[in-house]
>>> print(open('coords_32.cif').read())   # mmCIF, C-alpha atoms
data_input
loop_
_atom_site.label_atom_id
_atom_site.label_comp_id
_atom_site.auth_asym_id
_atom_site.auth_seq_id
_atom_site.Cartn_x
_atom_site.Cartn_y
_atom_site.Cartn_z
CA MET A 1 0.00 0.00 0.00
CA ASP A 2 1.34 3.40 -1.00
CA ALA A 3 1.92 5.97 1.69
CA PRO A 4 -0.32 9.03 1.45
CA GLN A 5 1.28 11.71 -0.66
CA GLU A 6 2.20 14.95 1.10
CA PRO A 7 -0.12 17.81 0.03
CA ARG A 8 1.35 20.36 -2.34
CA TRP A 9 1.45 23.18 0.20
CA LEU A 10 1.47 26.76 -1.01
CA ASP A 11 4.77 28.55 -0.77
CA ASN A 12 4.83 32.00 0.84
CA GLU A 13 4.34 33.89 -2.43
CA GLU A 14 1.45 31.63 -3.49
CA ARG A 15 -0.14 31.94 -0.06
CA GLN A 16 0.02 35.74 -0.25
CA ALA A 17 -1.52 35.69 -3.75
CA TRP A 18 -4.26 33.33 -2.58
CA VAL A 19 -5.11 35.45 0.47
CA ALA A 20 -5.31 38.56 -1.74
CA LEU A 21 -7.55 36.79 -4.27
CA ALA A 22 -9.79 35.23 -1.61
CA SER A 23 -10.21 38.60 0.08
CA THR A 24 -11.07 40.21 -3.26
CA LEU A 25 -13.60 37.47 -4.06
CA THR A 26 -15.32 38.14 -0.75
CA ARG A 27 -15.14 41.92 -0.55
CA LEU A 28 -15.64 43.04 -4.16
CA PRO A 29 -19.17 41.61 -4.54
CA ALA A 30 -20.15 43.17 -1.21
CA ALA A 31 -18.79 46.57 -2.30
CA LEU A 32 -20.61 46.41 -5.65
CA ASP A 33 -23.81 45.30 -3.92
CA ALA A 34 -23.58 48.18 -1.42
CA GLN A 35 -23.16 50.77 -4.20
CA LEU A 36 -26.13 49.44 -6.19
CA ARG A 37 -28.37 49.21 -3.12
CA ARG A 38 -27.42 52.76 -2.06
CA ASP A 39 -27.66 54.41 -5.48
CA ALA A 40 -30.24 52.32 -7.36
CA GLY A 41 -32.17 50.39 -4.70
CA ILE A 42 -31.30 47.01 -6.23
CA SER A 43 -28.88 44.22 -5.41
CA HIS A 44 -25.91 43.33 -7.57
CA PHE A 45 -27.63 40.06 -8.56
CA GLU A 46 -30.79 41.95 -9.56
CA TYR A 47 -28.63 44.29 -11.63
CA GLN A 48 -26.93 41.34 -13.31
CA VAL A 49 -30.30 39.85 -14.24
CA LEU A 50 -31.56 43.15 -15.67
CA ALA A 51 -28.30 43.77 -17.54
CA LEU A 52 -28.21 40.26 -19.02
CA LEU A 53 -31.78 40.63 -20.25
CA SER A 54 -30.99 44.10 -21.66
CA GLU A 55 -28.30 42.55 -23.87
CA ALA A 56 -30.28 39.49 -24.95
CA PRO A 57 -31.98 39.39 -28.36
CA GLY A 58 -35.47 40.77 -27.88
CA ARG A 59 -34.53 41.41 -24.22
CA THR A 60 -35.69 37.83 -23.61
CA LEU A 61 -34.03 34.69 -22.23
CA ARG A 62 -35.18 31.32 -20.99
CA MET A 63 -35.03 31.27 -17.21
CA SER A 64 -32.63 28.30 -17.30
CA ALA A 65 -30.24 30.17 -19.62
CA LEU A 66 -30.53 33.33 -17.52
CA ALA A 67 -29.66 31.36 -14.36
CA THR A 68 -26.54 30.00 -16.05
CA LEU A 69 -25.44 33.40 -17.34
CA ALA A 70 -26.11 35.07 -13.98
CA GLU A 71 -24.13 32.34 -12.19
CA GLY A 72 -27.10 31.62 -9.93
CA SER A 73 -29.34 28.68 -9.20
CA LEU A 74 -32.76 28.48 -10.84
CA PRO A 75 -34.55 28.74 -7.46
CA ARG A 76 -32.56 31.89 -6.56
CA LEU A 77 -33.24 33.37 -9.98
CA SER A 78 -36.96 32.58 -9.68
CA GLN A 79 -37.14 34.49 -6.39
CA VAL A 80 -35.30 37.48 -7.84
CA VAL A 81 -37.37 37.52 -11.03
CA ALA A 82 -40.55 37.41 -8.92
CA ARG A 83 -39.36 40.57 -7.12
CA LEU A 84 -38.44 42.20 -10.43
CA GLU A 85 -41.89 41.27 -11.80
CA GLN A 86 -43.57 42.95 -8.82
CA ARG A 87 -41.68 46.14 -9.68
CA GLY A 88 -42.78 45.92 -13.31
CA TRP A 89 -39.23 45.43 -14.63
CA VAL A 90 -39.50 41.83 -15.88
CA ARG A 91 -42.36 39.61 -16.98
CA ARG A 92 -42.47 35.86 -17.38
CA THR A 93 -44.31 33.90 -20.00
CA PRO A 94 -44.27 30.31 -21.27
CA ASP A 95 -41.85 29.80 -24.17
CA PRO A 96 -44.05 29.53 -27.29
CA ALA A 97 -41.41 27.28 -28.90
CA ASP A 98 -41.52 24.82 -25.99
CA GLY A 99 -44.05 25.31 -23.19
CA ARG A 100 -41.86 23.38 -20.76
CA TYR A 101 -39.65 26.47 -20.52
CA THR A 102 -40.37 29.92 -19.13
CA LEU A 103 -39.10 33.10 -20.72
CA ALA A 104 -37.99 36.14 -18.76
CA ILE A 105 -38.62 39.37 -20.67
CA LEU A 106 -37.23 42.78 -19.74
CA THR A 107 -39.95 45.43 -19.83
CA GLY A 108 -39.49 49.04 -20.89
CA GLN A 109 -39.47 50.01 -17.21
CA GLY A 110 -36.80 47.37 -16.57
CA GLN A 111 -34.67 48.75 -19.41
CA ALA A 112 -35.04 52.22 -17.94
CA LYS A 113 -33.96 50.93 -14.51
CA VAL A 114 -30.83 49.18 -15.77
CA THR A 115 -29.97 52.21 -17.92
CA GLU A 116 -30.35 54.44 -14.86
CA ALA A 117 -28.23 52.13 -12.63
CA ALA A 118 -25.47 51.42 -15.16
CA PRO A 119 -23.41 54.64 -14.94
CA GLY A 120 -22.97 54.44 -11.17
CA HIS A 121 -22.22 50.73 -11.29
CA VAL A 122 -19.67 51.10 -14.08
CA GLU A 123 -18.02 53.98 -12.24
CA GLU A 124 -17.73 51.81 -9.11
CA VAL A 125 -16.27 48.93 -11.13
CA ARG A 126 -13.79 51.35 -12.67
CA ARG A 127 -12.89 52.88 -9.27
CA LEU A 128 -12.46 49.57 -7.48
CA VAL A 129 -10.94 47.40 -10.22
CA PHE A 130 -9.49 49.31 -13.14
CA ASP A 131 -8.31 52.66 -11.76
CA PRO A 132 -5.77 50.98 -9.42
CA LEU A 133 -4.32 48.97 -12.34
CA THR A 134 -2.20 49.84 -15.34
CA LYS A 135 -3.41 48.81 -18.82
CA ALA A 136 -0.88 45.96 -18.74
CA GLN A 137 -2.19 44.79 -15.35
CA SER A 138 -5.77 44.93 -16.67
CA ARG A 139 -4.75 42.66 -19.56
CA GLN A 140 -2.98 40.35 -17.08
CA LEU A 141 -6.09 40.29 -14.89
CA ARG A 142 -8.21 39.32 -17.91
CA GLU A 143 -5.82 36.48 -18.79
CA ILE A 144 -5.58 35.32 -15.18
CA GLY A 145 -9.39 35.26 -14.93
CA ARG A 146 -9.66 33.29 -18.18
CA ARG A 147 -7.08 30.74 -17.06
CA ILE A 148 -8.78 30.23 -13.69
CA MET A 149 -12.18 29.88 -15.38
CA ARG A 150 -10.77 27.30 -17.82
CA ALA A 151 -9.42 25.33 -14.84
CA ILE A 152 -12.83 25.50 -13.15
CA ASP A 153 -14.83 24.67 -16.28
CA PRO A 154 -12.86 23.67 -19.39
CA ASP A 155 -16.11 23.60 -21.38
CA ASP A 156 -17.00 27.21 -20.60
CA HIS A 157 -16.20 29.15 -23.77
CA GLY A 158 -17.44 32.65 -23.00
CA PRO A 159 -17.06 35.47 -25.48
CA ASP A 160 -13.50 36.77 -25.37
CA ASP A 161 -13.88 40.27 -26.72
CA GLN A 162 -17.25 41.37 -25.34
CA PRO A 163 -17.68 43.31 -22.11
CA PRO A 164 -19.29 41.33 -19.32
CA PRO A 165 -23.05 41.93 -19.48
CA ALA A 166 -23.26 42.69 -15.77
CA ALA A 167 -20.90 45.63 -16.21
CA VAL A 168 -22.10 47.37 -19.37
CA PRO A 169 -25.75 46.96 -20.38
CA SER A 170 -26.98 47.80 -23.84
CA GLN A 171 -28.53 51.22 -24.27
CA ALA A 172 -30.81 49.95 -27.05
CA PRO A 173 -34.60 50.06 -26.45
#
>>> encode(input="coords_32.cif", output="structure tokens")
Amino acid sequence: MDAPQEPRWLDNEERQAWVALASTLTRLPAALDAQLRRDAGISHFEYQVLALLSEAPGRTLRMSALATLAEGSLPRLSQVVARLEQRGWVRRTPDPADGRYTLAILTGQGQAKVTEAAPGHVEEVRRLVFDPLTKAQSRQLREIGRRIMRAIDPDDHGPDDQPPPAAVPSQAP
């Protein structure tokens, strides 16, 4: 019987990088959420849902696809979309192509809300993420993010040259 292999412990430099990344992963979403709640009265996840719908063809997505794009579970998305429906920003309807699916559709009021919230959100993203970095560091950050995402999900082939929908919604009606 083989002896258990010693774990591949992090060296000091790796540990420092990991602590910095883990702290960022915890604190950045909270900071973005706080800004959106303060300035727009919505959560970061609600903003992501609105922004994703604003960029979708016909401002419409199947709920299952929207959950995947928003990086949330279908039950969580359903709760959020119910709140957005109550505010008149989203409506749900059965998919006419396949009634087993439900479509989420951004309303005109929802488009207005995401358009109103976008400038403050983008400014906060810029202030917290991009202003402290050089252009070269921004490119490195993009590549680092892509490499980590490929390690997490090798089948995830997101668009390389498009801005993330949660950061820059479409201004189209």
>>> residues_around(input="coords_32.cif", residues="range 73-87 of chain A", least_positions_apart="3", cutoff="9 Å", atoms="all atoms listed in the file", output="ChimeraX atom specification")
/A:45-46,49-50,63-64,66-68,70,90-92,104,109-110
>>> closest_atom_pairs(input="coords_32.cif", of="range 2-98 of chain A", to="range 137-160 of chain A", cutoff="12 Å", atoms="all atoms listed in the file", output="CSV")
residue,atom,partner,partner_atom,distance
A:Leu21,CA,A:Gly145,CA,10.9
A:Leu25,CA,A:Gly145,CA,11.9
A:Thr68,CA,A:Asp156,CA,10.9
A:Leu69,CA,A:Gly158,CA,9.8
>>> atom_distance(input="coords_32.cif", atom1="CA of Leu10 in chain A", atom2="CA of Lys135 in chain A")
28.8 Å
>>> closest_residue(input="coords_32.cif", among="A:His121, A:Ser23, A:Gln111, A:Glu13", to="Ser43 in chain A", atoms="only C-alpha atoms")
A:His121
>>> atom_distance(input="coords_32.cif", atom1="CA of Leu32 in chain A", atom2="CA of Glu71 in chain A")
15.9 Å
>>> atom_distance(input="coords_32.cif", atom1="CA of Tyr47 in chain A", atom2="CA of Pro132 in chain A")
23.9 Å
>>> closest_residue(input="coords_32.cif", among="A:Val129, A:Arg15, A:Asp98, A:Arg59", to="Arg27 in chain A", atoms="only C-alpha atoms")
A:Val129
>>> resolve_selection(input="coords_32.cif", expression="the PyMOL selection byres ((chain A and resi 116) around 12)", output="list in words")
Leu36, Asp39, Ala40, Gly41, Ile42, Tyr47, Leu50, Ala51, Gln109, Gly110, Gln111, Ala112, Lys113, Val114, Thr115, Ala117, Ala118, Pro119, Gly120, His121, Val122, Val168, Pro169, Ser170 and Gln171 of chain A
>>> closest_residue(input="coords_32.cif", among="A:Ala65, A:Leu103, A:Leu53, A:Leu28", to="Glu124 in chain A", atoms="all atoms listed in the file")
A:Leu28
>>> resolve_selection(input="coords_32.cif", expression="the PyMOL selection byres ((chain A and resi 57) around 12)", output="JSON, numbers by chain")
{"A": [52, 53, 54, 55, 56, 58, 59, 60, 61, 62, 104, 105, 106, 170, 172, 173]}
